[in-house]
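File shown here: model.cif, holding mmCIF, C-alpha atoms.
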```cif
data_query
loop_
_atom_site.label_atom_id
_atom_site.label_comp_id
_atom_site.auth_asym_id
_atom_site.auth_seq_id
_atom_site.Cartn_x
_atom_site.Cartn_y
_atom_site.Cartn_z
CA MET Q 1 56.02 60.29 6.75
CA LYS Q 2 55.98 62.74 9.63
CA ASP Q 3 57.71 61.59 12.85
CA GLU Q 4 55.29 61.05 15.65
CA GLN Q 5 56.02 63.50 18.46
CA LYS Q 6 56.87 62.18 21.93
CA LYS Q 7 53.96 62.50 24.31
CA PHE Q 8 54.07 62.93 28.08
CA MET Q 9 51.49 61.52 30.44
CA SER Q 10 49.56 64.19 32.34
CA ARG Q 11 46.05 64.69 33.67
CA MET Q 12 43.08 66.95 33.27
CA GLY Q 13 41.79 68.93 36.27
CA ASP Q 14 39.20 66.18 36.81
CA GLY Q 15 42.00 63.62 37.17
CA SER Q 16 41.53 61.83 33.85
CA ILE Q 17 44.75 60.87 32.02
CA VAL Q 18 45.85 62.77 28.92
CA TYR Q 19 48.98 62.51 26.76
CA MET Q 20 50.50 65.79 25.61
CA THR Q 21 53.30 66.86 23.29
CA GLU Q 22 55.99 69.34 24.34
CA GLU Q 23 54.30 71.97 22.22
CA GLU Q 24 50.92 71.39 23.85
CA ILE Q 25 52.40 71.49 27.36
CA ARG Q 26 54.31 74.71 26.71
CA ALA Q 27 51.22 76.32 25.18
CA ASP Q 28 49.10 75.38 28.20
CA ILE Q 29 51.73 76.67 30.65
CA GLU Q 30 51.75 79.99 28.80
CA ALA Q 31 47.95 80.17 28.72
CA GLY Q 32 47.68 79.31 32.44
CA VAL Q 33 50.14 82.04 33.37
CA GLN Q 34 48.30 84.58 31.23
CA ASP Q 35 44.94 83.68 32.74
CA ALA Q 36 46.30 84.45 36.23
CA VAL Q 37 47.96 87.66 35.02
CA VAL Q 38 44.71 88.97 33.54
CA ARG Q 39 42.45 87.93 36.40
CA GLY Q 40 44.78 88.89 39.26
CA LYS Q 41 46.49 91.87 37.62
CA ILE Q 42 49.80 90.35 38.71
CA ASP Q 43 53.19 89.71 37.16
CA PRO Q 44 53.72 86.63 34.99
CA LEU Q 45 56.22 83.88 35.78
CA THR Q 46 59.66 84.50 34.30
CA GLU Q 47 60.90 82.53 31.29
CA GLU Q 48 63.23 80.64 33.63
CA GLU Q 49 60.34 79.73 35.93
CA LYS Q 50 58.20 78.56 33.02
CA GLU Q 51 61.09 76.41 31.82
CA HIS Q 52 61.47 74.93 35.31
CA LEU Q 53 57.74 74.24 35.39
CA TYR Q 54 57.97 72.43 32.04
CA THR Q 55 60.77 70.29 33.53
CA ILE Q 56 58.62 69.44 36.56
CA VAL Q 57 55.60 68.55 34.40
CA THR Q 58 57.62 66.25 32.14
CA MET Q 59 60.26 64.78 34.48
CA PRO Q 60 60.35 60.99 34.81
CA GLY Q 61 58.96 59.32 37.91
CA SER Q 62 55.54 58.42 39.20
CA ILE Q 63 56.42 60.55 42.24
CA VAL Q 64 58.78 63.52 42.13
CA GLY Q 65 60.27 65.46 45.04
CA VAL Q 66 61.85 68.77 45.96
CA GLU Q 67 65.59 69.28 45.99
CA PRO Q 68 67.18 68.24 49.32
CA GLY Q 69 66.92 71.04 51.86
CA LYS Q 70 63.79 72.51 50.30
CA GLN Q 71 61.38 70.42 52.35
CA ILE Q 72 58.62 72.43 53.96
CA VAL Q 73 56.19 71.92 56.82
CA MET Q 74 52.55 70.87 56.76
CA THR Q 75 49.46 71.96 58.61
CA ASN Q 76 46.03 70.40 58.27
CA ASP Q 77 42.45 71.49 57.93
CA SER Q 78 40.89 68.10 58.24
CA GLY Q 79 39.81 67.75 61.86
CA ALA Q 80 41.99 64.67 62.39
CA TYR Q 81 39.20 62.50 61.03
CA LYS Q 82 40.71 61.24 57.79
CA ILE Q 83 41.56 57.93 59.45
CA ASN Q 84 38.51 57.24 61.59
CA ILE Q 85 35.76 58.86 59.50
CA LYS Q 86 37.08 58.84 55.93
CA SER Q 87 39.02 55.56 56.06
CA GLN Q 88 36.61 53.92 58.50
CA ILE Q 89 39.37 52.72 60.84
CA PRO Q 90 37.83 52.72 64.29
CA VAL Q 91 40.20 54.79 66.40
CA VAL Q 92 39.39 57.75 68.63
CA LYS Q 93 40.74 61.14 67.58
CA GLU Q 94 43.34 61.20 70.35
CA THR Q 95 44.80 58.00 68.91
CA GLU Q 96 44.49 59.38 65.40
CA VAL Q 97 46.69 62.32 66.43
CA LEU Q 98 49.43 59.89 67.48
CA ILE Q 99 49.16 58.02 64.17
CA TYR Q 100 49.63 61.31 62.32
CA GLU Q 101 52.68 62.05 64.49
CA ARG Q 102 54.45 58.71 64.88
CA VAL Q 103 53.34 56.69 61.86
CA LEU Q 104 52.82 59.29 59.15
CA GLY Q 105 55.53 61.73 60.35
CA CYS Q 106 53.28 64.79 60.05
CA ASP Q 107 54.46 68.17 61.31
CA SER Q 108 51.08 68.91 62.90
CA VAL Q 109 47.41 68.08 62.72
CA ASP Q 110 44.20 69.80 63.71
CA VAL Q 111 41.73 68.14 66.02
CA GLY Q 112 38.14 68.88 65.09
CA ASN Q 113 34.54 67.80 65.02
CA SER Q 114 33.43 65.64 62.11
CA ASP Q 115 30.70 68.24 61.52
CA TYR Q 116 33.51 70.68 60.80
CA ASN Q 117 32.05 74.11 61.60
CA TYR Q 118 32.13 76.36 64.64
CA LYS Q 119 28.35 76.74 64.92
CA THR Q 120 28.09 73.01 65.56
CA VAL Q 121 31.24 72.91 67.70
CA LYS Q 122 29.88 75.60 70.03
CA GLY Q 123 27.39 73.17 71.59
CA VAL Q 124 30.05 70.57 72.34
CA ALA Q 125 33.07 72.88 72.68
CA LYS Q 126 34.03 71.79 76.18
CA ARG Q 127 33.90 68.11 75.15
CA GLU Q 128 35.95 68.87 72.05
CA ALA Q 129 38.44 70.76 74.23
CA SER Q 130 38.68 67.79 76.55
CA ALA Q 131 39.62 65.45 73.70
CA LEU Q 132 42.14 68.01 72.48
CA LYS Q 133 43.63 68.25 75.98
CA GLN Q 134 44.15 64.49 76.15
CA ALA Q 135 45.78 64.52 72.72
CA LEU Q 136 48.02 67.43 73.75
CA ASN Q 137 49.21 65.53 76.81
CA MET Q 138 50.34 62.58 74.68
CA SER Q 139 51.64 64.21 71.49
CA THR Q 140 54.81 66.17 70.77
CA MET Q 141 54.01 68.03 67.53
CA PRO Q 142 51.87 71.22 67.46
CA LEU Q 143 48.13 70.60 67.57
CA PHE Q 144 45.54 72.98 66.20
CA TYR Q 145 41.82 72.99 66.79
CA GLY Q 146 40.08 73.44 63.48
CA ALA Q 147 36.70 74.06 61.86
CA MET Q 148 35.02 76.24 59.24
CA THR Q 149 33.33 79.60 59.72
CA ASN Q 150 30.57 78.37 57.40
CA LEU Q 151 28.33 81.40 57.52
CA GLY Q 152 25.58 79.65 55.59
CA PHE Q 153 24.75 77.62 58.71
CA TYR Q 154 23.44 80.78 60.38
CA THR Q 155 20.44 81.02 58.05
CA LYS Q 156 16.89 79.92 58.76
CA PRO Q 157 15.46 77.36 59.37
CA ASP Q 158 18.50 76.01 61.26
CA GLY Q 159 20.02 79.38 62.08
CA PRO Q 160 18.85 82.76 63.40
CA VAL Q 161 18.95 84.99 60.28
CA ASP Q 162 17.07 85.11 56.99
CA ASN Q 163 18.62 83.23 54.10
CA TRP Q 164 20.28 85.74 51.76
CA ALA Q 165 20.46 83.15 49.01
CA VAL Q 166 16.65 83.11 49.05
CA LEU Q 167 16.27 86.88 49.52
CA LEU Q 168 18.57 87.89 46.67
CA PRO Q 169 16.65 86.17 43.86
CA GLU Q 170 13.46 87.71 45.28
CA GLY Q 171 14.97 91.17 44.81
CA LYS Q 172 15.10 91.81 48.57
CA ILE Q 173 18.58 93.28 48.37
CA LYS Q 174 18.61 95.34 51.57
CA GLU Q 175 17.22 92.44 53.60
CA ALA Q 176 19.88 90.11 52.14
CA LEU Q 177 22.67 92.52 53.09
CA VAL Q 178 21.36 92.92 56.64
CA ALA Q 179 21.03 89.16 57.05
CA GLN Q 180 24.68 88.65 56.12
CA GLU Q 181 25.83 91.40 58.44
CA GLU Q 182 23.88 89.84 61.32
CA ALA Q 183 25.31 86.40 60.53
CA VAL Q 184 28.86 87.79 60.78
CA GLU Q 185 28.25 88.89 64.37
CA HIS Q 186 26.78 85.50 65.33
CA ALA Q 187 29.71 83.64 63.73
CA VAL Q 188 32.40 85.79 65.35
CA ARG Q 189 30.80 85.26 68.76
CA ASP Q 190 30.68 81.47 68.29
CA ILE Q 191 34.23 81.22 66.94
CA VAL Q 192 35.70 83.28 69.77
CA TYR Q 193 33.80 81.20 72.33
CA CYS Q 194 35.23 78.00 70.82
CA ALA Q 195 38.70 79.55 70.67
CA GLU Q 196 38.56 80.31 74.38
CA GLN Q 197 37.77 76.68 75.22
CA MET Q 198 40.60 75.42 73.01
CA TYR Q 199 43.07 77.97 74.36
CA GLU Q 200 42.33 76.92 77.93
CA ALA Q 201 42.85 73.27 76.93
CA GLY Q 202 46.25 74.25 75.50
CA ALA Q 203 45.81 74.38 71.72
CA ASP Q 204 49.02 75.44 70.00
CA GLY Q 205 47.07 76.86 67.09
CA PHE Q 206 43.54 77.64 65.94
CA GLN Q 207 42.46 76.86 62.41
CA LEU Q 208 39.82 78.86 60.52
CA ASP Q 209 39.31 76.68 57.49
CA THR Q 210 37.56 77.37 54.18
CA SER Q 211 37.13 81.06 54.93
CA GLY Q 212 34.98 82.93 52.46
CA ALA Q 213 33.02 79.80 51.49
CA ALA Q 214 29.77 81.76 51.75
CA GLY Q 215 31.26 84.91 50.24
CA ASP Q 216 32.69 88.18 51.52
CA ALA Q 217 30.68 88.12 54.76
CA ASP Q 218 32.13 84.70 55.57
CA PHE Q 219 35.67 86.05 55.02
CA LEU Q 220 34.87 89.11 57.15
CA ALA Q 221 33.71 86.88 60.02
CA ALA Q 222 36.99 84.92 59.85
CA LEU Q 223 39.05 88.14 59.84
CA LYS Q 224 37.13 89.67 62.75
CA ALA Q 225 37.39 86.45 64.76
CA THR Q 226 41.13 86.25 64.04
CA GLU Q 227 41.56 89.81 65.28
CA VAL Q 228 39.83 89.05 68.59
CA ILE Q 229 41.56 85.68 69.10
CA SER Q 230 45.03 87.07 68.35
CA GLU Q 231 44.51 89.80 70.90
CA LYS Q 232 42.86 87.73 73.65
CA PHE Q 233 44.88 84.53 73.28
CA PRO Q 234 48.35 85.52 72.04
CA GLY Q 235 49.89 82.12 72.84
CA MET Q 236 47.66 80.39 70.30
CA GLY Q 237 48.50 81.25 66.70
CA VAL Q 238 45.72 81.45 64.12
CA GLU Q 239 45.89 79.87 60.68
CA LEU Q 240 43.31 81.33 58.32
CA GLY Q 241 42.77 79.24 55.19
CA MET Q 242 40.64 80.23 52.23
CA ALA Q 243 37.79 78.48 50.43
CA GLY Q 244 38.70 79.68 46.95
CA GLU Q 245 41.02 81.95 45.01
CA PHE Q 246 38.50 84.77 44.72
CA VAL Q 247 36.27 86.25 47.43
CA LEU Q 248 32.72 86.11 46.14
CA GLY Q 249 30.73 89.31 46.57
CA MET Q 250 27.55 87.82 48.01
CA HIS Q 251 27.21 91.06 49.96
CA GLY Q 252 29.50 93.21 47.86
CA LYS Q 253 30.03 96.21 50.12
CA LEU Q 254 31.76 94.68 53.11
CA LYS Q 255 35.17 96.06 54.02
CA TYR Q 256 37.98 95.18 56.40
CA ASP Q 257 40.66 97.76 57.13
CA ASP Q 258 39.05 99.99 54.49
CA THR Q 259 39.51 97.34 51.81
CA ARG Q 260 36.49 95.93 50.01
CA LEU Q 261 36.57 92.16 50.36
CA ALA Q 262 34.63 91.17 47.25
CA GLY Q 263 36.92 90.25 44.39
CA LEU Q 264 40.17 89.90 46.32
CA TYR Q 265 42.74 87.37 45.08
CA PRO Q 266 45.36 85.67 47.31
CA HIS Q 267 48.01 88.42 47.10
CA LYS Q 268 45.47 90.91 48.49
CA GLN Q 269 43.78 88.47 50.88
CA VAL Q 270 47.06 87.75 52.67
CA LYS Q 271 47.60 91.41 53.59
CA LEU Q 272 44.25 91.52 55.41
CA VAL Q 273 44.95 88.22 57.12
CA GLU Q 274 48.26 89.66 58.34
CA LYS Q 275 46.48 92.77 59.56
CA ALA Q 276 44.01 90.65 61.51
CA GLY Q 277 46.92 89.04 63.36
CA ALA Q 278 47.05 85.52 61.94
CA SER Q 279 50.26 83.50 62.09
CA ILE Q 280 49.73 81.53 58.85
CA PHE Q 281 47.72 82.17 55.67
CA GLY Q 282 46.27 79.20 53.80
CA ALA Q 283 46.19 80.24 50.14
CA VAL Q 284 43.88 78.64 47.59
CA VAL Q 285 43.80 78.66 43.79
CA ASN Q 286 40.97 76.69 42.21
CA THR Q 287 41.55 73.76 39.87
CA ASN Q 288 39.68 73.98 36.56
CA CYS Q 289 38.45 70.44 35.78
CA ASN Q 290 38.22 71.16 32.04
CA MET Q 291 41.83 72.25 31.69
CA THR Q 292 45.08 70.28 31.85
CA PHE Q 293 47.49 69.95 34.77
CA PRO Q 294 50.12 72.12 32.99
CA TRP Q 295 47.53 74.89 32.52
CA ASN Q 296 46.29 74.63 36.11
CA ILE Q 297 49.69 74.47 37.82
CA ALA Q 298 51.07 77.36 35.74
CA ARG Q 299 48.10 79.46 36.78
CA VAL Q 300 48.48 78.34 40.41
CA CYS Q 301 52.19 79.17 40.56
CA THR Q 302 51.58 82.63 39.10
CA PHE Q 303 48.96 83.44 41.74
CA ILE Q 304 50.87 81.86 44.62
CA LYS Q 305 54.19 83.49 43.74
CA ALA Q 306 52.45 86.88 43.71
CA CYS Q 307 51.08 86.05 47.17
CA THR Q 308 54.35 84.86 48.74
CA ASP Q 309 56.17 87.85 47.22
CA VAL Q 310 54.14 90.27 49.34
CA ALA Q 311 53.39 88.10 52.39
CA GLU Q 312 55.08 88.86 55.68
CA ILE Q 313 53.64 85.77 57.37
CA PRO Q 314 54.11 82.14 56.30
CA VAL Q 315 51.90 81.03 53.39
CA HIS Q 316 50.70 77.43 53.35
CA ALA Q 317 49.22 76.44 49.99
CA ASN Q 318 46.11 74.30 50.18
CA VAL Q 319 46.87 71.14 48.23
CA GLY Q 320 43.75 69.10 48.77
CA MET Q 321 41.13 67.92 46.33
CA GLY Q 322 40.48 70.47 43.60
CA VAL Q 323 42.83 73.23 44.70
CA CYS Q 324 46.35 74.45 43.86
CA GLY Q 325 46.81 72.16 40.88
CA VAL Q 326 45.53 69.03 42.61
CA PRO Q 327 42.90 67.27 40.48
CA MET Q 328 39.28 67.32 41.62
CA VAL Q 329 39.19 63.71 42.81
CA GLU Q 330 38.69 61.96 46.13
CA MET Q 331 41.59 59.51 45.66
CA MET Q 332 44.72 61.52 44.93
CA PRO Q 333 47.01 60.58 42.02
CA SER Q 334 50.52 60.92 43.47
CA ASP Q 335 52.02 61.68 40.03
CA MET Q 336 50.25 65.03 39.78
CA ILE Q 337 50.08 65.93 43.47
CA SER Q 338 53.84 65.47 43.87
CA ARG Q 339 54.42 67.64 40.78
CA ALA Q 340 52.07 70.29 42.17
CA ASP Q 341 53.93 70.19 45.49
CA LYS Q 342 57.35 70.52 43.85
CA ALA Q 343 56.20 73.42 41.70
CA LEU Q 344 54.61 75.22 44.65
CA VAL Q 345 57.81 74.96 46.68
CA GLU Q 346 60.37 75.70 43.97
CA ILE Q 347 58.41 78.27 41.93
CA GLY Q 348 55.59 79.42 44.23
CA LYS Q 349 58.02 79.76 47.19
CA VAL Q 350 55.45 78.59 49.73
CA ASP Q 351 56.35 78.19 53.41
CA GLY Q 352 54.19 75.14 53.94
CA PHE Q 353 51.27 73.06 52.75
CA MET Z 1 59.41 68.01 56.76
CA GLY Z 2 58.79 64.73 58.53
CA GLY Z 3 57.55 66.02 61.89
CA VAL Z 4 59.36 64.45 64.85
CA ARG Z 5 61.33 62.23 62.42
CA THR Z 6 63.39 65.36 61.70
CA ALA Z 7 62.59 68.87 62.91
CA GLY Z 8 59.30 69.62 61.15
CA ASP Z 9 57.41 70.08 64.40
CA LEU Z 10 60.04 72.53 65.65
CA VAL Z 11 60.12 74.59 62.45
CA LEU Z 12 56.34 74.77 62.42
CA ARG Z 13 56.35 75.93 66.05
CA MET Z 14 58.42 78.95 64.98
CA GLN Z 15 55.91 79.72 62.22
CA ILE Z 16 53.02 79.56 64.68
CA ALA Z 17 54.73 81.38 67.56
CA GLU Z 18 56.81 83.98 65.73
CA LYS Z 19 55.24 84.07 62.23
CA MET Z 20 58.61 83.14 60.73
CA LYS Z 21 58.74 82.23 57.05
CA ILE Z 22 60.21 78.86 56.22
CA ASP Z 23 63.87 79.79 55.69
CA GLU Z 24 64.01 81.98 58.80
CA ALA Z 25 62.30 79.30 60.90
CA LYS Z 26 64.70 76.60 59.72
CA ALA Z 27 67.75 78.78 60.39
CA TYR Z 28 66.47 79.62 63.87
CA VAL Z 29 65.84 75.98 64.81
CA ALA Z 30 69.15 74.80 63.33
CA GLU Z 31 71.03 77.40 65.36
CA LYS Z 32 69.21 76.46 68.58
CA LEU Z 33 69.90 72.76 68.04
CA GLY Z 34 73.49 73.28 66.94
CA VAL Z 35 73.04 71.53 63.59
CA THR Z 36 73.47 72.58 59.97
CA LEU Z 37 70.51 73.20 57.69
CA GLU Z 38 71.33 69.98 55.88
CA GLU Z 39 71.33 68.05 59.16
CA LEU Z 40 68.01 69.63 60.14
CA HIS Z 41 66.34 67.66 57.31
CA ASP Z 42 68.25 64.43 57.98
CA VAL Z 43 66.39 61.73 59.86
CA VAL Z 44 69.60 60.00 61.03
CA THR Z 45 71.23 63.11 62.47
CA MET Z 46 67.99 64.35 63.96
CA THR Z 47 67.18 61.03 65.60
CA ASP Z 48 70.45 61.23 67.52
CA LYS Z 49 69.94 64.90 68.32
CA ARG Z 50 66.34 64.47 69.45
CA GLU Z 51 67.26 61.45 71.55
CA ALA Z 52 70.06 63.38 73.25
CA LEU Z 53 67.83 66.39 73.93
CA ARG Z 54 64.87 64.14 74.85
CA ILE Z 55 62.47 66.12 72.64
CA GLY Z 56 60.43 63.25 71.17
CA LEU Z 57 60.81 60.70 68.39
CA THR Z 58 58.53 58.64 66.18
CA HIS Z 59 59.59 55.37 67.79
CA VAL Z 60 62.21 54.18 70.27
CA GLU Z 61 63.27 51.10 72.16
CA PRO Z 62 61.04 51.41 75.23
CA CYS Z 63 63.07 52.51 78.22
CA ALA Z 64 62.88 54.89 81.16
CA GLU Z 65 64.66 57.62 79.19
CA GLU Z 66 62.11 57.52 76.35
CA ASN Z 67 60.46 60.90 76.11
CA ASN Z 68 57.53 62.27 74.16
CA GLY Z 69 54.30 64.16 74.67
CA MET Z 70 54.15 66.82 77.36
CA ALA Z 71 57.56 65.95 78.82
CA ALA Z 72 59.17 66.43 75.41
CA LYS Z 73 57.30 69.70 74.83
CA VAL Z 74 58.55 71.17 78.12
CA ARG Z 75 62.08 70.55 76.82
CA ILE Z 76 61.22 71.88 73.32
CA ALA Z 77 60.03 75.18 74.82
CA GLU Z 78 63.37 75.51 76.62
CA VAL Z 79 65.48 74.55 73.61
CA LEU Z 80 63.67 76.92 71.23
CA GLY Z 81 63.26 79.72 73.78
CA ILE Z 82 59.52 80.04 73.20
CA LYS Z 83 56.37 79.59 75.24
CA ILE Z 84 54.19 76.67 74.13
CA ASN Z 85 50.52 77.11 75.01
CA SER Z 86 49.92 73.44 75.80
CA VAL Z 87 52.89 73.48 78.17
CA GLU Z 88 51.80 76.71 79.85
CA ARG Z 89 48.24 75.49 80.37
CA PHE Z 90 49.53 72.12 81.64
CA LYS Z 91 51.74 73.88 84.20
CA GLU Z 92 48.72 75.87 85.39
CA ARG Z 93 46.61 72.74 85.80
CA ALA Z 94 49.45 70.92 87.58
CA GLY Z 95 50.01 73.82 89.97
CA LEU Z 96 53.52 74.39 88.62
CA LYS Z 97 52.97 78.12 87.92
#
```

How does this structure look as structure tokens?
Amino acid sequence: MKDEQKKFMSRMGDGSIVYMTEEEIRADIEAGVQDAVVRGKIDPLTEEEKEHLYTIVTMPGSIVGVEPGKQIVMTNDSGAYKINIKSQIPVVKETEVLIYERVLGCDSVDVGNSDYNYKTVKGVAKREASALKQALNMSTMPLFYGAMTNLGFYTKPDGPVDNWAVLLPEGKIKEALVAQEEAVEHAVRDIVYCAEQMYEAGADGFQLDTSGAAGDADFLAALKATEVISEKFPGMGVELGMAGEFVLGMHGKLKYDDTRLAGLYPHKQVKLVEKAGASIFGAVVNTNCNMTFPWNIARVCTFIKACTDVAEIPVHANVGMGVCGVPMVEMMPSDMISRADKALVEIGKVDGF
Amino acid sequence: MGGVRTAGDLVLRMQIAEKMKIDEAKAYVAEKLGVTLEELHDVVTMTDKREALRIGLTHVEPCAEENNGMAAKVRIAEVLGIKINSVERFKERAGLK
């Protein structure tokens, strides 16, 4: 009778529990690494790194942690509304900031509007800045103001330009390209206006979250805005975080610094973000819900290590729902998120989360 | 890193202000505070250090010497040798510069 192999508890990318043998885990780590190598045209993890990753995936403990001294810092792209909006605890955002600082021990948080995009913020920017100013007077840790570029909000009927997602299927290619180019200019103007209000209020940093969500034009708007903000408001560092691992070519021809944006992976994205003048790059690698945690985190570490290898500014890996090895669930399982964190620090060499 | 429980807020300030990567930022802050890298992560050591420098804590016995918020940040800017935007804008509004 064949001995039954030991199985380790793990999860799929959708969060569901699976039990895997050593052989299955090692095979998925190898496949995850190779997927990143092929897609990103980057170097694989070393044998030693893959072995360390296997140890992290299988080590005992419902929560695991980094080795002492390897702790890293955290920034946020949540608008400081996880407590009052998401958890339905009725506190104002200024109070929420203090909870993040003195109860949760966070390194920073971003204040933001619950409709988390700069087009919406523009109309209430001075009121948002006022709340930020009050929070800055009371708090000690760095505070960012944060929101998304969200280029899609600039399309008709709510916005000023034609909707390229409607034009493209109709074969109106030129019109779709022009619409995106016009939207970039509107977005940059709005973002810089908001940045000015937050700078005057005293923001320590300015967060451009989920950049590239609407494709290459969205990423271009974030880069152009970063360039202007870094030049006009040098005392307020910019953190530019991505929406996904790969810049979608909704336009396809847009360039920044002579580099075509469509198709860029994190190790190429970070060089443009540096060029634009940002202080911190928020890297993203997507979680595949149909694959296991070992497959996902191996792929993530391969992409992120390639990014931190070439980065000259700090890289903060996005470790929220559905990115960087974290399962695609609203309520986070600490077993997998702590393993993802440990792997990102010890193998991905990130500077923050 | 634990924010004001340790030195996470200070390390992050060096990333924002000077674009320092994590190891460089930690080394810089440790040197400015006169602590080792190990102590920089230690909540017990850092509580004493932050209390002595009056640069903000998570919680304290309420007293006149207790310091956080803008008062703490003015001191943090001095200790780290950087300009903090919230401090600079506060000084402008208060007529201190």

Exercise for the section: Pull out every residue of chain Q that has at least one atom within 8 Å of chain Z, counting only C-alpha atoms, and report them as JSON, numbers by chain. Expected result: {"Q": [68, 69, 71, 72, 73, 74, 101, 102, 103, 105, 106, 107, 108, 136, 137, 138, 139, 140, 141, 142, 199, 200, 201, 202, 203, 204, 205, 235, 236, 237, 238, 279, 280, 312, 313, 314, 315, 351, 352]}

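Considering only C-alpha atoms, the residue among Q:Glu94, Q:Asp28, Q:Glu196, Q:Asp190 positioned nearest to Q:Lys126 is Q:Glu196.
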
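Put simply, atom CA of Q:Thr226 is 25.1 Å away from atom CA of Q:Asp162.
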
Exercise for the section: Would you mind telling me which residue in Q:Phe303, Q:Tyr145, Q:Phe293, Q:Phe219 lies nearest to Q:Gly322 when using only C-alpha atoms? Expected result: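 Selected residue with least distance to Q:Gly322: Q:Phe293.
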
Exercise for the section: Point out the residue among Q:Ala187, Q:Glu170, Q:Ala131, Q:Gly252 with the least atom-to-atom distance to Q:Thr155, counting all atoms listed in the file. Expected result: Q:Ala187

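Selection by the PyMOL selection byres ((chain Q and resi 208) around 7) on the present file picks out Gly146, Ala147, Met148, Thr149, Phe206, Gln207, Asp209, Thr210, Ser211, Ala222, Glu239, Leu240 and Gly241 of chain Q.
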
Exercise for the section: State, in Å with one decimal place, the distance from atom CA of Z:Cys63 to atom CA of Z:Met46. Expected result: 19.2 Å

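Counting from atom CA of Q:Cys307, the distance to atom CA of Q:Glu227 is 20.8 Å.
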
Handout entry: Given the PyMOL selection byres ((chain Q and resi 14-27) around 10), the residues it picks as a PyMOL selection string
Key = chain Q and resi 4-13+28-32+50-51+53-54+57-58+287-295+298+321-322+326-333+336

Practice task
For Q:Met242, please output as an MDAnalysis selection string all residues within 12 Å (counting all atoms listed in the file; exclusion window: fewer than 2 positions along the same chain).
Solution key: chainID Q and resid 77 148:150 207:216 218:220 222:223 239:240 244:248 264:266 269:270 273 280:286 315:319 323:324

Handout entry: Residue contacts of Q:Glu67 (10 Å, all atoms listed in the file) excluding same-chain residues fewer than 2 positions away, as a ChimeraX atom specification
Key = /Q:64-65,69-71,342,345-346

Taking the structure in the block just given, could you write stretch 166-177 of chain Q with N, CA and C atoms, as a PDB file, in the first residue's frame?
```pdb
ATOM      1  N   VAL Q 166     -16.897  52.929 -26.374  1.00  0.00           N
ATOM      2  CA  VAL Q 166     -18.030  52.816 -27.306  1.00  0.00           C
ATOM      3  C   VAL Q 166     -17.523  52.991 -28.737  1.00  0.00           C
ATOM      4  N   LEU Q 167     -16.602  53.937 -28.926  1.00  0.00           N
ATOM      5  CA  LEU Q 167     -16.094  54.238 -30.272  1.00  0.00           C
ATOM      6  C   LEU Q 167     -15.298  53.076 -30.869  1.00  0.00           C
ATOM      7  N   LEU Q 168     -14.502  52.418 -30.057  1.00  0.00           N
ATOM      8  CA  LEU Q 168     -13.643  51.346 -30.586  1.00  0.00           C
ATOM      9  C   LEU Q 168     -14.426  50.206 -31.225  1.00  0.00           C
ATOM     10  N   PRO Q 169     -15.451  49.678 -30.548  1.00  0.00           N
ATOM     11  CA  PRO Q 169     -16.210  48.593 -31.196  1.00  0.00           C
ATOM     12  C   PRO Q 169     -16.954  49.034 -32.456  1.00  0.00           C
ATOM     13  N   GLU Q 170     -17.174  50.359 -32.564  1.00  0.00           N
ATOM     14  CA  GLU Q 170     -17.850  50.883 -33.765  1.00  0.00           C
ATOM     15  C   GLU Q 170     -16.861  51.102 -34.910  1.00  0.00           C
ATOM     16  N   GLY Q 171     -15.592  50.824 -34.655  1.00  0.00           N
ATOM     17  CA  GLY Q 171     -14.581  50.996 -35.693  1.00  0.00           C
ATOM     18  C   GLY Q 171     -14.102  52.424 -35.838  1.00  0.00           C
ATOM     19  N   LYS Q 172     -14.511  53.301 -34.913  1.00  0.00           N
ATOM     20  CA  LYS Q 172     -14.097  54.711 -34.997  1.00  0.00           C
ATOM     21  C   LYS Q 172     -12.768  54.863 -34.239  1.00  0.00           C
ATOM     22  N   ILE Q 173     -11.727  54.356 -34.866  1.00  0.00           N
ATOM     23  CA  ILE Q 173     -10.423  54.262 -34.203  1.00  0.00           C
ATOM     24  C   ILE Q 173      -9.816  55.636 -33.942  1.00  0.00           C
ATOM     25  N   LYS Q 174      -9.786  56.475 -34.985  1.00  0.00           N
ATOM     26  CA  LYS Q 174      -9.178  57.805 -34.813  1.00  0.00           C
ATOM     27  C   LYS Q 174      -9.898  58.600 -33.739  1.00  0.00           C
ATOM     28  N   GLU Q 175     -11.232  58.548 -33.771  1.00  0.00           N
ATOM     29  CA  GLU Q 175     -12.020  59.288 -32.776  1.00  0.00           C
ATOM     30  C   GLU Q 175     -11.721  58.780 -31.364  1.00  0.00           C
ATOM     31  N   ALA Q 176     -11.546  57.462 -31.228  1.00  0.00           N
ATOM     32  CA  ALA Q 176     -11.270  56.869 -29.916  1.00  0.00           C
ATOM     33  C   ALA Q 176      -9.900  57.323 -29.398  1.00  0.00           C
ATOM     34  N   LEU Q 177      -8.936  57.418 -30.301  1.00  0.00           N
ATOM     35  CA  LEU Q 177      -7.597  57.856 -29.890  1.00  0.00           C
ATOM     36  C   LEU Q 177      -7.628  59.320 -29.445  1.00  0.00           C
TER      37      LEU Q 177
END
```
